[in-house]
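Asks: Here you go, one structure.
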Amino acid sequence: MGIHYDEKNQVFHLQTPGSSYCMQIVRDGYLGHLYWGRRIAIYRDSVPFDHIDRGFSPNPDPSDRKFSLDNLPQEYPGYGNGDFGIPAYQISQPNGSEISDLRYRTHRIYAGKPKLPGLPAIYIERESEADTLELVLEDALTGLRTTLIYTVFNEYDAIARSVRFDHTGSENLVLLRALSASIDFRDDVYDMLTFYGAHTNERNIARRPLVPGIQAAESRRGASSPQQNPFLALLRPGTDEDNGEVYALNLVYSGNFIAQAEVQQYRTTRVSIGINPFGFSWQLAPGESFQTPEAIMVYSAQGLGGMSRVFNRLYRTRLSRGKFRDAERPILINNWEATYFDFNADKIEEIAREGKDLGMELFVLDDGWFGKRDNDLSSLGDWTVDRSKLPEGMDHLARRITGMGMQFGLWFEPEMVSQDSELYRRHPDWCLHVKDRPRTVGRNQLVLDLSRRDVCDYIVSALSDILSSAPITYVKWDMNRHLTEIGSALLPAERQRETGHRYILGLYRVLEELTSAFPDVLFESCSSGGGRYDPGMLYYMPQTWASDNTDAISRLKIQYGNSMVFPTVSMGAHVSGVPNHQVNRITPLDTRGHVAMSGNFGYELDLTKMSPEEKEIVKSQVALYKEIRPLIQFGEFYRILSPFEGNEAAWAFVSDDQSEAVLAFFRVLSQPGERVPNLKCKGLNPKYLYRHHETGKVYGGDELMYAGLTLPRVKGDFISLFWRFSKADEL
């Protein structure tokens with residue numbers, strides 16, 4: 001059992017293989033936070049709460065000036081009764097009051113992990129994999145019962161947290177804030193790490209020391225967004241890739257979020273994460289409930305690399321689902337940058353045949369196959385085949401592709417509607433909008449109102465018709481704009497602020513229905529690339545198109561940043577043409593291949609226009625990736641050199657048994673008078689011997705990790721080097 005309760009001292013001790021998390025019920029039923037960090041065998045009250053008489057800190061008990069919620073490290077703080085920090089939850093009552101007071105009522109410890117209705121979450125396959133604590137707190141005046149749900153895993157240094165609100169009172173309540181997790185640290189000696197970016201520039205890394213006040217990453221865009229990501233980590237100063245303490249939180253959610261740290265008056269730190277209160281509220285009538293999304297908390301004493309490998313493995317094996325979770329992903333060719341909207345069936349078959357001859361396994365037909373879609377001005381929502389481009393229909397084209405031994409995939413953007421579409425002309429109220437307000441467009445499109453069941457049912461029906469009509473085994477699910485005028489024609493005024501969350505719940509329902517109905521279809525999430533690369537989407541779709549930016553040098557940072565949380569097998573990466581369509585950069589085909597082979601591999605260019613020499617390189621790349629694919633997609637990933645910190649990047653993939661490894665090195669710009677660098681591998685077994693595939697030379701694992709490899713002198717910009725090693729039994 002990973003959860004222990006000391007009844008005498010009223011201490012809850014949660015244990016993962018490498019971490020401990022401790023809470024205590026203190027006077028009058030308040031729940032305090034004691035400790036989160038490296039695993040301890042038994043908590044024996046080494047860090048008790050230190051109650052001090054502080055000026056301006058009010059006291060629930062007038063006779064005891066030392067006890068104040070303003071100073072108590074709390075587990076799920078509220079508002080209005082003496083705590084001036086950021087509350088984890090907030091309610092509004094019919095009398096206008098927003099004050100509440102949660103106290104401990106009861107708890108339950110059991111084997112297993114509950115499902116969260118309508119929400120993605122970490123799952124288990126056997127009850128013995130995890131243990132769960134449910135702590136019930138109650139506000140006696142309003143009847144608001146709040147259940148804090150904690151799950152610890154026996155094989156992962158992770159804790160899952162969420163909150164369920166049950167209204168047992170007699171008057172309506174309104175939830176104004178409902179965060180998934182809050183943690184009070186007793187000091188502020190940390191750096192905060194978050195991710196930021198933009199379209200085609202996703203997952204940059206921001207690291208800065210905490211300062212007094214509030215520091216936050218958030219989205220108000222209706223999606224997790226490329227601008228920020230629902231992730232926050234606190235790092236001890238000096239923590240690096242391999243050493244030091246990391247406390248990380250990631251929200252399993254795809255909509256508006258907030259992840260924040262508040263350094264308070266006495267240099268303590270409160271960290272919280274959950275649905276963004278901005279634009280949010282939820283009506284709770286008597287007898288109704290509300291469930292928050294799940295937050296995943298990871299503690300690492302082995303730096304950022306240790307943190308990443310916990311997230312990577314947990315998400316790959318217990319968040320991603322279905323037949324493709326453990327299946328090798330196909331090497332694909334996508335026609336988007338080859339043709340954009342200008343194609344016909346013969347051109348598609350021509351590209352596919354070239355791909356087949358080069359060893360590729362899947363052809364993906366991108367935007368432009370439906371309605372009257374010759375540009376981005378029309379037809380979203382009209383999911384019927386454009387017979388002017390595909391006169392014999394989708395099934396005929398798909399069978400032309402599958403007949404040559406390739407799989408066939410299709411692009412959709414189901415959440416959107418064009419104003420120039422039959423769907424919009426029939427149902428102009430089906431989009432998100434506010435009465436009497438203009439409708440803001442993005443990429444010439446509006447957003448369908450997925451808070452409505454009829455809209456969700458239409459999406460499921462329309463896509464099911466297409467997916468049933470032809471041998472389609474792959475779907476690229478795109479989302480190319482964020483939410484504005486977030487209102488619904490069907491919701492009453494008092495529920496309009498529920499629209500954003502209801503949209504996400506509707507999206508999850510649609511995805512659950514479609515992925516369940518079509519279990520043999522590999523779904524890939526996309527939002528103009530990595531605009532909705534979050535754990536919520538990974539639950540339904542086991543891979544994500546990491547960025548619309550296919551430039552290899554840009555991708556060094558994008559893929560490095562994504563690897564902090566997400567497994568390699570989830571990260572779509574393609575070789576594209578040069579000059580690159582996003583940044584106009586010309587990079588060698590070898591480098592483009594090595595970067596893309598560091599993810600879920602594919603191509604996105606016109607194969608028919610490549611020279612014979614280029615085709616031979618591509619053929620070799622495809623053959624190599626097929627050999628190393630299990631290692632790349634399911635091995636352990638180790639970051640070695642950061643492209644955010646210098647002119648070079650490097651990383652390694654190592655098999656679980658440490659018998660195989662791939663080492664990759666990239667240099668952006670050539671420099672005169674450079675040193676002769678050594679590159680040190682990571683993750684190998686120091687006692688093993690490893691044979692280099694190309695030269696046959698044998699090195700010790702300790703030698704490769706501690707002494708390193710001297711890099712060959714290669715002149716030129718944008719160069720890459722790739723090594724393969726396998727365990728050698730003898731010299």
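Following the order of the structure tokens, first chain is A, next is B, and so on, with residues numbered from 1 inside each chain and ligands from 1 in the order they appear.
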Tell me which protein, DNA and RNA residues are within 7 Å of Pro286 of chain A, counting only C-alpha atoms, leaving out same-chain ones fewer than 3 positions away, and put them as a VMD selection string.

Replies: chain A and resid 167 to 172

Asks: Please provide the set of residues having any atom within 7 Å of segment 413-420 of chain A, restricted to only C-alpha atoms, with same-chain residues fewer than 2 positions apart removed, written as a ChimeraX atom specification.

Replies: /A:377-381,424,444-448,459,477-479

Asks: Neighbours of Trp36 of chain A within 9 Å (only C-alpha atoms; same-chain residues fewer than 6 positions away dropped), as an mmCIF file with C-alpha atoms, in the first residue's frame?

Replies:
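Result written to selection-v4.cif:
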data_model
loop_
_atom_site.group_PDB
_atom_site.id
_atom_site.type_symbol
_atom_site.label_atom_id
_atom_site.label_comp_id
_atom_site.auth_asym_id
_atom_site.auth_seq_id
_atom_site.Cartn_x
_atom_site.Cartn_y
_atom_site.Cartn_z
ATOM 1 C CA SER A 19 8.982 10.364 -3.377
ATOM 2 C CA SER A 20 6.849 11.121 -0.324
ATOM 3 C CA TYR A 21 3.908 13.463 0.102
ATOM 4 C CA CYS A 22 2.614 14.194 3.612
ATOM 5 C CA ILE A 183 0.736 23.015 -2.805
ATOM 6 C CA PHE A 185 6.094 25.150 -0.028
ATOM 7 C CA TYR A 247 8.713 19.600 -8.557
ATOM 8 C CA TYR A 299 9.083 14.861 -8.126
#

Asks: Expressed in Å to a single decimal, how great is the separation between atom CA of Ser659 of chain A and atom CA of Ala707 of chain A?

Replies: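 Going from atom CA of Ser659 of chain A over to atom CA of Ala707 of chain A covers 19.3 Å.
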
Asks: Could you list, as a list of chain:residue names, every residue within 6 Å of segment 533-550 of chain A, counting only C-alpha atoms and ignoring same-chain residues fewer than 3 positions away?

Replies: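 The contact residues come out as A:Pro120, A:Thr200, A:Val252, A:Tyr253, A:Ser254, A:Leu319, A:Ser320, A:Phe523, A:Glu524, A:Ser525, A:Cys526, A:Ser528, A:Gly529, A:Gly530, A:Ser570, A:Met571, A:Gly572, A:Gln582.
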
Asks: Give me, as JSON, numbers by chain, the residues of segment 21-236 of chain A that a backbone DSSP run labels strand (DSSP E or B).

Replies: {"A": [21, 22, 23, 24, 25, 26, 30, 31, 32, 33, 34, 35, 36, 37, 38, 74, 89, 90, 91, 92, 103, 104, 105, 106, 107, 108, 109, 110, 111, 130, 131, 132, 133, 134, 135, 136, 137, 138, 139, 144, 145, 146, 147, 148, 149, 150, 151, 152, 153, 158, 159, 160, 161, 162, 163, 164, 165, 166, 167, 173, 174, 175, 176, 177, 178, 179, 180, 181, 182, 183, 184, 185, 191, 192, 193, 194, 195, 196, 197, 198, 201, 202, 203, 204, 205, 206, 207, 208, 209, 213, 214, 215, 216, 217, 218, 228, 231, 232, 233, 234, 235]}

Asks: Env of segment 553-569 of chain A: 9 Å cut, atoms = only C-alpha atoms, seq-sep filter 2 positions within chain, self excluded. Answer as JSON, numbers by chain.

Replies: {"A": [195, 200, 201, 202, 203, 204, 205, 231, 250, 304, 305, 307, 308, 309, 310, 311, 312, 313, 315, 316, 328, 329, 533, 534, 535, 542, 543, 546, 547, 549, 550, 551, 571, 572, 573, 583, 585, 587, 591, 592, 595, 596, 598, 599, 600, 632, 633, 634, 635, 636, 637, 639, 642, 643, 644, 649, 651, 666, 668, 718]}

Asks: So that I can see what lies close to segment 698-701 of chain A, please list as a PyMOL selection string the residues with an atom at most 6 Å from it, counting only C-alpha atoms and leaving out residues fewer than 3 positions away in the same chain.

Replies: chain A and resi 684-686+688-691+704

Asks: Quote the spacing between atom CA of Asp702 of chain A and atom CA of Cys681 of chain A in Å to one decimal place.

Replies: 9.3 Å

Asks: May I have the residues within 8 Å of segment 614-622 of chain A as a list of chain:residue names, using only C-alpha atoms and disregarding those fewer than 2 positions away in the same chain?

Replies: A:Ile331, A:Leu358, A:Gly359, A:Met360, A:Leu589, A:Asp590, A:Gly593, A:Leu607, A:Met610, A:Ser611, A:Pro612, A:Leu624, A:Tyr625, A:Lys626

Asks: From segment 308-469 of chain A, collect each residue whose DSSP state is helix (DSSP H, G or I) and return the set as an MDAnalysis selection string.

Replies: chainID A and resid 308:318 336:339 345:357 393:402 422:426 428:430 453:469

Asks: Would you mind telling me which residue in A:Lys435, A:Ile486, A:Arg186, A:Gly602 lies nearest to Arg220 of chain A when using only C-alpha atoms?

Replies: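 Under the stated criterion, the closest residue is A:Ile486.
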
Asks: Would you mind telling me which residue in A:Ala233, A:Ala261, A:Leu711, A:Ile122 lies nearest to Tyr156 of chain A when using only C-alpha atoms?

Replies: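 Ranking A:Ala233, A:Ala261, A:Leu711, A:Ile122 by distance to Tyr156 of chain A, first place goes to A:Ile122.
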
Asks: Compare A:Gly287, A:Pro94, A:Gly82, A:Gly371 by their minimum atom-to-atom distance to Phe67 of chain A, counting only C-alpha atoms, and give me the closest one.

Replies: A:Gly82

Asks: Could you tell me which of A:Asp436, A:Glu134, A:Glu337, A:Glu349 comes closest to Arg108 of chain A if we count only C-alpha atoms?

Replies: A:Glu134

Asks: Would you please work out which residue, of A:Gly143, A:Gly274, A:Pro471, A:Gly306, is nearest to Leu232 of chain A when using only C-alpha atoms?

Replies: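 Ranked by minimum distance to Leu232 of chain A, first place goes to A:Gly274.
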